Structures are given as C-alpha cells and as structure tokens.
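Data block for structure-v8.cif (mmCIF, N, CA and C atoms):
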```
data_protein
#
loop_
_atom_site.label_atom_id
_atom_site.label_comp_id
_atom_site.auth_asym_id
_atom_site.auth_seq_id
_atom_site.Cartn_x
_atom_site.Cartn_y
_atom_site.Cartn_z
N MET A 1 136.48 86.52 124.03
CA MET A 1 135.26 86.29 123.28
C MET A 1 135.26 87.17 122.03
N ILE A 2 134.46 86.82 121.08
CA ILE A 2 134.40 87.53 119.80
C ILE A 2 133.92 88.97 119.96
N GLU A 3 133.11 89.23 121.00
CA GLU A 3 132.60 90.57 121.22
C GLU A 3 133.73 91.58 121.46
N SER A 4 134.89 91.08 121.90
CA SER A 4 136.02 91.97 122.19
C SER A 4 136.91 92.19 120.97
N SER A 5 136.49 91.74 119.81
CA SER A 5 137.27 91.93 118.59
C SER A 5 137.45 93.42 118.30
N SER A 6 138.61 93.76 117.74
CA SER A 6 138.86 95.17 117.39
C SER A 6 138.12 95.56 116.12
N ASP A 7 137.62 94.61 115.37
CA ASP A 7 136.87 94.90 114.14
C ASP A 7 135.45 95.31 114.53
N VAL A 8 135.09 96.52 114.25
CA VAL A 8 133.78 97.07 114.61
C VAL A 8 132.65 96.25 114.00
N ARG A 9 132.86 95.75 112.79
CA ARG A 9 131.81 94.98 112.13
C ARG A 9 131.51 93.69 112.88
N VAL A 10 132.55 93.05 113.40
CA VAL A 10 132.35 91.83 114.18
C VAL A 10 131.60 92.16 115.47
N GLY A 11 131.97 93.25 116.09
CA GLY A 11 131.27 93.68 117.30
C GLY A 11 129.81 93.96 117.04
N LEU A 12 129.52 94.56 115.88
CA LEU A 12 128.12 94.83 115.51
C LEU A 12 127.34 93.53 115.36
N VAL A 13 127.93 92.56 114.70
CA VAL A 13 127.25 91.27 114.52
C VAL A 13 127.00 90.62 115.88
N ALA A 14 127.97 90.68 116.76
CA ALA A 14 127.80 90.11 118.10
C ALA A 14 126.69 90.83 118.86
N GLU A 15 126.62 92.15 118.72
CA GLU A 15 125.56 92.92 119.38
C GLU A 15 124.19 92.57 118.80
N LEU A 16 124.12 92.36 117.51
CA LEU A 16 122.86 91.96 116.89
C LEU A 16 122.41 90.59 117.39
N ARG A 17 123.37 89.69 117.58
CA ARG A 17 123.06 88.36 118.12
C ARG A 17 122.46 88.52 119.52
N ARG A 18 123.06 89.37 120.34
CA ARG A 18 122.56 89.61 121.69
C ARG A 18 121.16 90.23 121.65
N GLU A 19 120.94 91.20 120.78
CA GLU A 19 119.63 91.82 120.66
C GLU A 19 118.58 90.80 120.24
N ASN A 20 118.95 89.89 119.34
CA ASN A 20 118.03 88.84 118.91
C ASN A 20 117.68 87.93 120.08
N ALA A 21 118.69 87.57 120.88
CA ALA A 21 118.45 86.73 122.06
C ALA A 21 117.50 87.42 123.03
N LEU A 22 117.69 88.72 123.22
CA LEU A 22 116.80 89.48 124.11
C LEU A 22 115.37 89.51 123.57
N ALA A 23 115.23 89.65 122.25
CA ALA A 23 113.89 89.64 121.64
C ALA A 23 113.23 88.27 121.84
N GLU A 24 114.02 87.20 121.69
CA GLU A 24 113.48 85.85 121.92
C GLU A 24 113.03 85.69 123.37
N TYR A 25 113.83 86.20 124.30
CA TYR A 25 113.46 86.14 125.70
C TYR A 25 112.15 86.89 125.94
N ARG A 26 112.04 88.08 125.40
CA ARG A 26 110.80 88.85 125.59
C ARG A 26 109.60 88.09 125.02
N ARG A 27 109.79 87.43 123.90
CA ARG A 27 108.70 86.66 123.29
C ARG A 27 108.30 85.51 124.22
N TRP A 28 109.28 84.74 124.67
CA TRP A 28 108.99 83.59 125.53
C TRP A 28 108.39 84.06 126.86
N SER A 29 108.97 85.07 127.44
CA SER A 29 108.48 85.59 128.71
C SER A 29 107.06 86.14 128.56
N GLY A 30 106.83 86.86 127.48
CA GLY A 30 105.49 87.39 127.22
C GLY A 30 104.46 86.30 127.05
N MET A 31 104.83 85.23 126.36
CA MET A 31 103.90 84.10 126.20
C MET A 31 103.53 83.52 127.55
N LEU A 32 104.54 83.31 128.39
CA LEU A 32 104.28 82.73 129.71
C LEU A 32 103.43 83.65 130.57
N GLU A 33 103.73 84.95 130.54
CA GLU A 33 102.94 85.90 131.33
C GLU A 33 101.49 85.92 130.87
N TYR A 34 101.28 85.93 129.57
CA TYR A 34 99.92 85.94 129.04
C TYR A 34 99.18 84.66 129.41
N LEU A 35 99.83 83.51 129.20
CA LEU A 35 99.20 82.24 129.52
C LEU A 35 98.90 82.14 131.01
N ASP A 36 99.84 82.54 131.86
CA ASP A 36 99.62 82.48 133.31
C ASP A 36 98.45 83.38 133.72
N ALA A 37 98.40 84.59 133.19
CA ALA A 37 97.32 85.51 133.54
C ALA A 37 95.97 84.99 133.07
N GLU A 38 95.93 84.50 131.85
CA GLU A 38 94.66 83.99 131.32
C GLU A 38 94.22 82.72 132.05
N THR A 39 95.17 81.88 132.39
CA THR A 39 94.83 80.66 133.13
C THR A 39 94.27 81.01 134.50
N ALA A 40 94.86 81.99 135.17
CA ALA A 40 94.35 82.43 136.47
C ALA A 40 92.93 83.00 136.33
N ARG A 41 92.71 83.79 135.28
CA ARG A 41 91.38 84.35 135.04
C ARG A 41 90.37 83.24 134.79
N ILE A 42 90.75 82.28 133.97
CA ILE A 42 89.87 81.16 133.64
C ILE A 42 89.52 80.37 134.89
N GLU A 43 90.51 80.13 135.74
CA GLU A 43 90.28 79.39 136.99
C GLU A 43 89.28 80.13 137.89
N ARG A 44 89.35 81.46 137.90
CA ARG A 44 88.45 82.26 138.74
C ARG A 44 87.04 82.33 138.17
N GLU A 45 86.93 82.44 136.85
CA GLU A 45 85.65 82.80 136.25
C GLU A 45 84.84 81.65 135.69
N LEU A 46 85.46 80.55 135.34
CA LEU A 46 84.75 79.49 134.63
C LEU A 46 84.57 78.24 135.46
N GLU A 47 83.55 77.52 135.10
CA GLU A 47 83.29 76.22 135.72
C GLU A 47 84.36 75.22 135.27
N PRO A 48 84.65 74.24 136.10
CA PRO A 48 85.72 73.28 135.77
C PRO A 48 85.61 72.64 134.38
N ARG A 49 84.39 72.33 133.94
CA ARG A 49 84.24 71.68 132.64
C ARG A 49 84.61 72.59 131.48
N ALA A 50 84.46 73.88 131.64
CA ALA A 50 84.75 74.83 130.56
C ALA A 50 86.20 75.29 130.55
N ARG A 51 86.92 75.05 131.60
CA ARG A 51 88.29 75.57 131.74
C ARG A 51 89.24 75.02 130.69
N GLU A 52 89.23 73.73 130.51
CA GLU A 52 90.17 73.10 129.58
C GLU A 52 90.01 73.64 128.16
N LEU A 53 88.77 73.79 127.74
CA LEU A 53 88.49 74.31 126.40
C LEU A 53 88.96 75.75 126.27
N GLU A 54 88.74 76.55 127.29
CA GLU A 54 89.14 77.95 127.25
C GLU A 54 90.67 78.10 127.25
N VAL A 55 91.37 77.28 128.03
CA VAL A 55 92.83 77.32 128.03
C VAL A 55 93.36 76.90 126.66
N ALA A 56 92.72 75.92 126.04
CA ALA A 56 93.12 75.51 124.69
C ALA A 56 92.94 76.66 123.70
N ALA A 57 91.88 77.43 123.87
CA ALA A 57 91.66 78.59 123.00
C ALA A 57 92.74 79.64 123.20
N VAL A 58 93.15 79.86 124.43
CA VAL A 58 94.22 80.81 124.73
C VAL A 58 95.52 80.33 124.08
N ARG A 59 95.81 79.06 124.20
CA ARG A 59 97.01 78.50 123.58
C ARG A 59 96.96 78.67 122.06
N SER A 60 95.80 78.49 121.49
CA SER A 60 95.64 78.67 120.05
C SER A 60 95.94 80.11 119.63
N VAL A 61 95.47 81.06 120.42
CA VAL A 61 95.73 82.48 120.13
C VAL A 61 97.24 82.75 120.20
N ILE A 62 97.92 82.21 121.20
CA ILE A 62 99.36 82.41 121.33
C ILE A 62 100.09 81.80 120.13
N ALA A 63 99.68 80.61 119.72
CA ALA A 63 100.30 79.96 118.56
C ALA A 63 100.11 80.81 117.31
N GLN A 64 98.92 81.31 117.10
CA GLN A 64 98.65 82.15 115.92
C GLN A 64 99.47 83.43 115.96
N ALA A 65 99.58 84.04 117.13
CA ALA A 65 100.35 85.29 117.26
C ALA A 65 101.82 85.08 116.92
N ASN A 66 102.32 83.87 117.14
CA ASN A 66 103.72 83.56 116.85
C ASN A 66 103.92 82.94 115.47
N GLY A 67 102.84 82.62 114.79
CA GLY A 67 102.96 81.95 113.50
C GLY A 67 103.40 80.51 113.63
N TRP A 68 103.05 79.90 114.76
CA TRP A 68 103.43 78.52 115.04
C TRP A 68 102.21 77.62 115.02
N SER A 69 102.46 76.33 114.82
CA SER A 69 101.40 75.35 115.02
C SER A 69 101.20 75.19 116.53
N GLU A 70 100.10 74.59 116.90
CA GLU A 70 99.86 74.36 118.32
C GLU A 70 100.87 73.37 118.90
N HIS A 71 101.35 72.46 118.06
CA HIS A 71 102.40 71.52 118.49
C HIS A 71 103.69 72.28 118.79
N GLN A 72 104.07 73.20 117.90
CA GLN A 72 105.27 74.01 118.12
C GLN A 72 105.12 74.84 119.39
N LEU A 73 103.95 75.41 119.59
CA LEU A 73 103.72 76.21 120.78
C LEU A 73 103.86 75.36 122.03
N ALA A 74 103.29 74.17 122.02
CA ALA A 74 103.37 73.30 123.20
C ALA A 74 104.84 73.03 123.55
N ALA A 75 105.65 72.78 122.54
CA ALA A 75 107.07 72.52 122.78
C ALA A 75 107.76 73.75 123.37
N ARG A 76 107.52 74.92 122.77
CA ARG A 76 108.15 76.16 123.26
C ARG A 76 107.71 76.48 124.68
N LEU A 77 106.42 76.33 124.96
CA LEU A 77 105.93 76.60 126.31
C LEU A 77 106.56 75.67 127.33
N HIS A 78 106.68 74.41 126.97
CA HIS A 78 107.29 73.44 127.89
C HIS A 78 108.75 73.80 128.16
N GLU A 79 109.47 74.18 127.11
CA GLU A 79 110.86 74.60 127.27
C GLU A 79 110.95 75.86 128.13
N ALA A 80 110.09 76.82 127.84
CA ALA A 80 110.12 78.09 128.57
C ALA A 80 109.77 77.88 130.04
N GLU A 81 108.76 77.08 130.31
CA GLU A 81 108.37 76.82 131.69
C GLU A 81 109.47 76.08 132.44
N THR A 82 110.11 75.14 131.77
CA THR A 82 111.23 74.41 132.40
C THR A 82 112.35 75.37 132.75
N ALA A 83 112.72 76.23 131.80
CA ALA A 83 113.81 77.17 132.06
C ALA A 83 113.44 78.14 133.17
N ARG A 84 112.25 78.70 133.10
CA ARG A 84 111.83 79.69 134.11
C ARG A 84 111.70 79.07 135.49
N ASP A 85 111.10 77.90 135.56
CA ASP A 85 110.75 77.31 136.85
C ASP A 85 111.85 76.45 137.46
N ASP A 86 112.66 75.79 136.63
CA ASP A 86 113.62 74.82 137.13
C ASP A 86 115.08 75.21 136.91
N LEU A 87 115.33 76.18 136.04
CA LEU A 87 116.70 76.54 135.68
C LEU A 87 116.88 78.06 135.80
N PRO A 88 116.89 78.57 137.02
CA PRO A 88 116.92 80.03 137.18
C PRO A 88 118.16 80.71 136.59
N ALA A 89 119.31 80.08 136.64
CA ALA A 89 120.51 80.70 136.06
C ALA A 89 120.40 80.74 134.53
N VAL A 90 119.86 79.70 133.95
CA VAL A 90 119.65 79.66 132.50
C VAL A 90 118.65 80.74 132.10
N TRP A 91 117.55 80.85 132.84
CA TRP A 91 116.52 81.84 132.53
C TRP A 91 117.09 83.26 132.66
N ALA A 92 117.90 83.49 133.69
CA ALA A 92 118.50 84.82 133.88
C ALA A 92 119.47 85.14 132.74
N ALA A 93 120.27 84.16 132.33
CA ALA A 93 121.21 84.38 131.22
C ALA A 93 120.45 84.64 129.92
N PHE A 94 119.33 83.99 129.74
CA PHE A 94 118.46 84.23 128.59
C PHE A 94 117.95 85.67 128.64
N GLY A 95 117.50 86.09 129.81
CA GLY A 95 116.98 87.44 129.98
C GLY A 95 118.03 88.52 129.81
N ASP A 96 119.29 88.16 129.98
CA ASP A 96 120.40 89.10 129.78
C ASP A 96 120.93 89.09 128.35
N GLY A 97 120.40 88.18 127.52
CA GLY A 97 120.86 88.09 126.14
C GLY A 97 122.12 87.27 125.99
N GLU A 98 122.53 86.62 127.07
CA GLU A 98 123.74 85.79 127.03
C GLU A 98 123.47 84.47 126.32
N LEU A 99 122.27 83.95 126.45
CA LEU A 99 121.84 82.72 125.78
C LEU A 99 120.68 83.05 124.86
N ASP A 100 120.58 82.33 123.75
CA ASP A 100 119.45 82.51 122.85
C ASP A 100 118.46 81.36 123.02
N ALA A 101 117.35 81.45 122.31
CA ALA A 101 116.29 80.46 122.44
C ALA A 101 116.75 79.06 122.03
N ALA A 102 117.59 78.97 121.02
CA ALA A 102 118.07 77.65 120.58
C ALA A 102 118.82 76.95 121.71
N ARG A 103 119.67 77.68 122.39
CA ARG A 103 120.44 77.09 123.48
C ARG A 103 119.54 76.75 124.68
N VAL A 104 118.61 77.62 124.98
CA VAL A 104 117.69 77.35 126.09
C VAL A 104 116.86 76.11 125.78
N SER A 105 116.45 75.94 124.55
CA SER A 105 115.69 74.75 124.15
C SER A 105 116.50 73.48 124.37
N ILE A 106 117.75 73.50 123.97
CA ILE A 106 118.62 72.34 124.13
C ILE A 106 118.80 72.02 125.62
N ILE A 107 119.02 73.04 126.41
CA ILE A 107 119.24 72.85 127.85
C ILE A 107 117.97 72.32 128.52
N ALA A 108 116.83 72.89 128.20
CA ALA A 108 115.56 72.44 128.80
C ALA A 108 115.29 70.98 128.44
N ALA A 109 115.50 70.63 127.18
CA ALA A 109 115.28 69.24 126.76
C ALA A 109 116.21 68.29 127.51
N GLY A 110 117.42 68.73 127.75
CA GLY A 110 118.35 67.91 128.53
C GLY A 110 117.91 67.78 129.98
N ALA A 111 117.39 68.85 130.54
CA ALA A 111 116.93 68.82 131.94
C ALA A 111 115.80 67.82 132.13
N TRP A 112 114.98 67.64 131.11
CA TRP A 112 113.86 66.68 131.22
C TRP A 112 114.36 65.26 131.41
N LYS A 113 115.56 64.98 130.96
CA LYS A 113 116.11 63.63 131.05
C LYS A 113 116.75 63.34 132.40
N LEU A 114 116.93 64.36 133.20
CA LEU A 114 117.54 64.18 134.52
C LEU A 114 116.48 63.77 135.52
N THR A 115 116.79 62.79 136.33
CA THR A 115 115.79 62.23 137.23
C THR A 115 115.87 62.77 138.66
N GLU A 116 116.97 63.42 139.00
CA GLU A 116 117.13 63.93 140.36
C GLU A 116 117.21 65.45 140.35
N GLU A 117 116.54 66.06 141.33
CA GLU A 117 116.52 67.52 141.42
C GLU A 117 117.93 68.09 141.55
N ARG A 118 118.79 67.39 142.29
CA ARG A 118 120.16 67.91 142.46
C ARG A 118 120.92 67.90 141.15
N SER A 119 120.58 66.99 140.25
CA SER A 119 121.22 66.97 138.93
C SER A 119 120.78 68.18 138.11
N VAL A 120 119.51 68.54 138.21
CA VAL A 120 119.00 69.72 137.51
C VAL A 120 119.67 70.97 138.06
N GLU A 121 119.80 71.03 139.38
CA GLU A 121 120.46 72.18 140.00
C GLU A 121 121.93 72.28 139.56
N LYS A 122 122.60 71.15 139.49
CA LYS A 122 124.00 71.13 139.04
C LYS A 122 124.09 71.57 137.58
N LEU A 123 123.18 71.09 136.75
CA LEU A 123 123.13 71.52 135.36
C LEU A 123 122.99 73.04 135.29
N ASP A 124 122.06 73.58 136.05
CA ASP A 124 121.81 75.02 136.02
C ASP A 124 123.05 75.80 136.44
N ARG A 125 123.79 75.28 137.41
CA ARG A 125 125.02 75.96 137.87
C ARG A 125 126.12 75.92 136.82
N GLN A 126 126.20 74.85 136.03
CA GLN A 126 127.36 74.65 135.15
C GLN A 126 127.14 75.02 133.69
N VAL A 127 125.93 74.97 133.21
CA VAL A 127 125.71 75.02 131.77
C VAL A 127 125.84 76.41 131.15
N VAL A 128 125.51 77.45 131.86
CA VAL A 128 125.47 78.78 131.26
C VAL A 128 126.83 79.19 130.70
N SER A 129 127.88 79.02 131.48
CA SER A 129 129.19 79.46 131.00
C SER A 129 129.61 78.69 129.75
N TYR A 130 129.27 77.42 129.68
CA TYR A 130 129.60 76.64 128.48
C TYR A 130 128.72 77.05 127.30
N ALA A 131 127.43 77.10 127.54
CA ALA A 131 126.48 77.38 126.45
C ALA A 131 126.73 78.74 125.82
N ALA A 132 127.15 79.70 126.63
CA ALA A 132 127.35 81.07 126.13
C ALA A 132 128.58 81.19 125.23
N THR A 133 129.47 80.22 125.28
CA THR A 133 130.73 80.34 124.54
C THR A 133 130.95 79.23 123.51
N HIS A 134 129.93 78.41 123.29
CA HIS A 134 130.07 77.31 122.35
C HIS A 134 128.88 77.25 121.39
N THR A 135 129.06 76.53 120.31
CA THR A 135 128.00 76.38 119.32
C THR A 135 126.90 75.47 119.85
N THR A 136 125.76 75.48 119.17
CA THR A 136 124.66 74.61 119.60
C THR A 136 125.05 73.14 119.45
N GLY A 137 125.81 72.81 118.43
CA GLY A 137 126.27 71.42 118.27
C GLY A 137 127.17 70.99 119.42
N GLU A 138 128.07 71.87 119.81
CA GLU A 138 128.95 71.56 120.95
C GLU A 138 128.14 71.47 122.23
N LEU A 139 127.14 72.33 122.37
CA LEU A 139 126.28 72.28 123.56
C LEU A 139 125.53 70.96 123.62
N ARG A 140 125.02 70.49 122.49
CA ARG A 140 124.31 69.19 122.48
C ARG A 140 125.23 68.07 122.95
N GLN A 141 126.47 68.08 122.48
CA GLN A 141 127.44 67.06 122.90
C GLN A 141 127.72 67.17 124.40
N TRP A 142 127.90 68.39 124.89
CA TRP A 142 128.14 68.62 126.30
C TRP A 142 126.97 68.11 127.12
N MET A 143 125.76 68.38 126.65
CA MET A 143 124.56 67.92 127.36
C MET A 143 124.51 66.39 127.41
N ARG A 144 124.83 65.74 126.30
CA ARG A 144 124.84 64.26 126.30
C ARG A 144 125.83 63.73 127.33
N ARG A 145 127.02 64.33 127.40
CA ARG A 145 128.01 63.89 128.39
C ARG A 145 127.52 64.18 129.80
N PHE A 146 126.91 65.32 130.02
CA PHE A 146 126.42 65.67 131.36
C PHE A 146 125.33 64.70 131.80
N ILE A 147 124.42 64.38 130.92
CA ILE A 147 123.31 63.47 131.26
C ILE A 147 123.83 62.07 131.53
N ALA A 148 124.82 61.64 130.77
CA ALA A 148 125.39 60.30 130.96
C ALA A 148 126.06 60.21 132.32
#
```
Could you show the structure in this file as structure tokens?
Amino acid sequence: MIESSSDVRVGLVAELRRENALAEYRRWSGMLEYLDAETARIERELEPRARELEVAAVRSVIAQANGWSEHQLAARLHEAETARDDLPAVWAAFGDGELDAARVSIIAAGAWKLTEERSVEKLDRQVVSYAATHTTGELRQWMRRFIA
C-alpha cells in the first residue's frame, strides 16, 4: 500500500487522508448519536402529534450545523444509519479511518439495492478490503458487479 512508501511526504499525505476519514466518521457518528438521543427524548416528553415536528426541527439543526441542506442531511443520515445498523464491518473500518465517507456512501447506496439479508451480510464481509485499496470509481464498478 502507498502508506508503506519510503517517501516521508507520501506517508504524510496518506496519514492526512486517514485523519480526514476519522473526522468524517466522528461527524457521522456524532450526528447519529445526537439524533438518537433527541428522538428518544422527544418520544418520552411529547405527545404523538408534536413529535414529528420536533424531530424535523432537530434534523434542521443538524443540517445547519453541517452547512448542508435538509435534503443532503437526509441522504447522509440514511447512509450513516445503513452503515451503522446493517454493515458492521464497513462501519468499523470507517471508525478506524480505513474507509472515508465517500466510500461508505457508495457502499450504503449499493446495500439498498440488495433484496436479501444474506446478500447484505456478504457485501459487508467482502467490500472493506476492496474499498480500502481502490478508488471510488473502481468501487462503484465493483458494487455494480456485486449487485448484478
């Protein structure tokens, strides 16, 4: 892998890439933790009719904190929830800085197209090693072949 290059500058760039991936993971994980905590609070404290509006307000705050539109936030949350809940190996690799948000997004979107739970489990077992060593374009092609 490129991280093992004898050129210190290349190693530094690779380390910066890993640090960026870790920052993306912390951002995604933090969003999910905040949303989960606030949703639980809302469920406990508010009447059913008021809950949906309050959750929408929480989502709006998260979108603003990230500088995203609410549409962008909805997409990121769906990707993050898919990775965390359905793709534990992908989520762990993301948390280790092995995968970045772009790759996790591609993988989550591919998982949505799979109709059987065993296919999602197989994806989770196989995709990390490929995704960590290939470009996002190559990963998209790999995902298309896997889904087919």
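When the PyMOL selection byres ((chain A and resi 12-18) around 8) is evaluated on the file shown here, the picked residues come out as Ile2, Glu3, Asp7, Val8, Arg9, Val10, Gly11, Glu19, Asn20, Ala21, Leu22, Ala23, Glu24, Asp96, Gly97, Glu98, Leu99 and Asp100 of chain A.
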For A:Lys122, the nearest of the candidates A:Pro88, A:Gly30, A:Pro48, A:Gly67, counting only C-alpha atoms: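 For A:Lys122, the nearest of the candidates is A:Pro88.
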Write out as a Markdown table a residue-level contact list of stretch 95-138 of chain A versus stretch 71-80 of chain A with cut-off 7 Å: for each qualifying residue the closest pair of atoms and the distance in Å to one decimal, counting only N, CA and C atoms, rows sorted by chain and residue number upward.
```
| residue | atom | partner | partner_atom | distance |
| --- | --- | --- | --- | --- |
| A:Val104 | C | A:Glu79 | CA | 6.4 |
| A:Ser105 | CA | A:Glu79 | CA | 5.8 |
| A:Ala108 | CA | A:Glu79 | CA | 5.4 |
| A:Ala109 | N | A:Glu79 | CA | 6.1 |
```
Let's have the selection written as a tab-separated table (two decimals), keeping the file's coordinate frame, with N, CA and C atoms.
```
chain	number	residue	atom	x	y	z
A	104	VAL	N	118.61	77.62	124.98
A	104	VAL	CA	117.69	77.35	126.09
A	104	VAL	C	116.86	76.11	125.78
A	105	SER	N	116.45	75.94	124.55
A	105	SER	CA	115.69	74.75	124.15
A	105	SER	C	116.50	73.48	124.37
A	108	ALA	N	116.83	72.89	128.20
A	108	ALA	CA	115.56	72.44	128.80
A	108	ALA	C	115.29	70.98	128.44
A	109	ALA	N	115.50	70.63	127.18
A	109	ALA	CA	115.28	69.24	126.76
A	109	ALA	C	116.21	68.29	127.51
```
What lies within 12 Å of A:Leu139 using only C-alpha atoms, ignoring chain neighbours under 5 positions off, as a list in words? Leu99, Ala102, Arg103, Val104, Ser105, Ile106, Ile107, Ala108, Ala109, Gly110, Gln126, Val127, Val128, Ser129, Tyr130, Ala131, Ala132, Thr133, His134, Arg144, Arg145 and Phe146 of chain A
Go ahead and save the residues from that selection, with N, CA and C atoms, as a PDB file, keeping the file's coordinate frame.
```pdb
ATOM      1  N   LEU A  99     122.270  83.950 126.450  1.00  0.00           N
ATOM      2  CA  LEU A  99     121.840  82.720 125.780  1.00  0.00           C
ATOM      3  C   LEU A  99     120.680  83.050 124.860  1.00  0.00           C
ATOM      4  N   ALA A 102     117.590  78.970 121.020  1.00  0.00           N
ATOM      5  CA  ALA A 102     118.070  77.650 120.580  1.00  0.00           C
ATOM      6  C   ALA A 102     118.820  76.950 121.710  1.00  0.00           C
ATOM      7  N   ARG A 103     119.670  77.680 122.390  1.00  0.00           N
ATOM      8  CA  ARG A 103     120.440  77.090 123.480  1.00  0.00           C
ATOM      9  C   ARG A 103     119.540  76.750 124.680  1.00  0.00           C
ATOM     10  N   VAL A 104     118.610  77.620 124.980  1.00  0.00           N
ATOM     11  CA  VAL A 104     117.690  77.350 126.090  1.00  0.00           C
ATOM     12  C   VAL A 104     116.860  76.110 125.780  1.00  0.00           C
ATOM     13  N   SER A 105     116.450  75.940 124.550  1.00  0.00           N
ATOM     14  CA  SER A 105     115.690  74.750 124.150  1.00  0.00           C
ATOM     15  C   SER A 105     116.500  73.480 124.370  1.00  0.00           C
ATOM     16  N   ILE A 106     117.750  73.500 123.970  1.00  0.00           N
ATOM     17  CA  ILE A 106     118.620  72.340 124.130  1.00  0.00           C
ATOM     18  C   ILE A 106     118.800  72.020 125.620  1.00  0.00           C
ATOM     19  N   ILE A 107     119.020  73.040 126.410  1.00  0.00           N
ATOM     20  CA  ILE A 107     119.240  72.850 127.850  1.00  0.00           C
ATOM     21  C   ILE A 107     117.970  72.320 128.520  1.00  0.00           C
ATOM     22  N   ALA A 108     116.830  72.890 128.200  1.00  0.00           N
ATOM     23  CA  ALA A 108     115.560  72.440 128.800  1.00  0.00           C
ATOM     24  C   ALA A 108     115.290  70.980 128.440  1.00  0.00           C
ATOM     25  N   ALA A 109     115.500  70.630 127.180  1.00  0.00           N
ATOM     26  CA  ALA A 109     115.280  69.240 126.760  1.00  0.00           C
ATOM     27  C   ALA A 109     116.210  68.290 127.510  1.00  0.00           C
ATOM     28  N   GLY A 110     117.420  68.730 127.750  1.00  0.00           N
ATOM     29  CA  GLY A 110     118.350  67.910 128.530  1.00  0.00           C
ATOM     30  C   GLY A 110     117.910  67.780 129.980  1.00  0.00           C
ATOM     31  N   GLN A 126     126.200  74.850 136.030  1.00  0.00           N
ATOM     32  CA  GLN A 126     127.360  74.650 135.150  1.00  0.00           C
ATOM     33  C   GLN A 126     127.140  75.020 133.690  1.00  0.00           C
ATOM     34  N   VAL A 127     125.930  74.970 133.210  1.00  0.00           N
ATOM     35  CA  VAL A 127     125.710  75.020 131.770  1.00  0.00           C
ATOM     36  C   VAL A 127     125.840  76.410 131.150  1.00  0.00           C
ATOM     37  N   VAL A 128     125.510  77.450 131.860  1.00  0.00           N
ATOM     38  CA  VAL A 128     125.470  78.780 131.260  1.00  0.00           C
ATOM     39  C   VAL A 128     126.830  79.190 130.700  1.00  0.00           C
ATOM     40  N   SER A 129     127.880  79.020 131.480  1.00  0.00           N
ATOM     41  CA  SER A 129     129.190  79.460 131.000  1.00  0.00           C
ATOM     42  C   SER A 129     129.610  78.690 129.750  1.00  0.00           C
ATOM     43  N   TYR A 130     129.270  77.420 129.680  1.00  0.00           N
ATOM     44  CA  TYR A 130     129.600  76.640 128.480  1.00  0.00           C
ATOM     45  C   TYR A 130     128.720  77.050 127.300  1.00  0.00           C
ATOM     46  N   ALA A 131     127.430  77.100 127.540  1.00  0.00           N
ATOM     47  CA  ALA A 131     126.480  77.380 126.450  1.00  0.00           C
ATOM     48  C   ALA A 131     126.730  78.740 125.820  1.00  0.00           C
ATOM     49  N   ALA A 132     127.150  79.700 126.630  1.00  0.00           N
ATOM     50  CA  ALA A 132     127.350  81.070 126.130  1.00  0.00           C
ATOM     51  C   ALA A 132     128.580  81.190 125.230  1.00  0.00           C
ATOM     52  N   THR A 133     129.470  80.220 125.280  1.00  0.00           N
ATOM     53  CA  THR A 133     130.730  80.340 124.540  1.00  0.00           C
ATOM     54  C   THR A 133     130.950  79.230 123.510  1.00  0.00           C
ATOM     55  N   HIS A 134     129.930  78.410 123.290  1.00  0.00           N
ATOM     56  CA  HIS A 134     130.070  77.310 122.350  1.00  0.00           C
ATOM     57  C   HIS A 134     128.880  77.250 121.390  1.00  0.00           C
ATOM     58  N   ARG A 144     124.830  65.740 126.300  1.00  0.00           N
ATOM     59  CA  ARG A 144     124.840  64.260 126.300  1.00  0.00           C
ATOM     60  C   ARG A 144     125.830  63.730 127.330  1.00  0.00           C
ATOM     61  N   ARG A 145     127.020  64.330 127.400  1.00  0.00           N
ATOM     62  CA  ARG A 145     128.010  63.890 128.390  1.00  0.00           C
ATOM     63  C   ARG A 145     127.520  64.180 129.800  1.00  0.00           C
ATOM     64  N   PHE A 146     126.910  65.320 130.020  1.00  0.00           N
ATOM     65  CA  PHE A 146     126.420  65.670 131.360  1.00  0.00           C
ATOM     66  C   PHE A 146     125.330  64.700 131.800  1.00  0.00           C
TER      67      PHE A 146
END
```
Give me, please, the distance in Å between atom CA of A:Gly137 and atom CA of A:Arg84, quoted to one decimal.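 Taking atom CA of A:Gly137 and atom CA of A:Arg84, their separation equals 23.0 Å.
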How far is it from atom CA of A:Ala92 to atom CA of A:Met143, in Å with one decimal? 19.1 Å
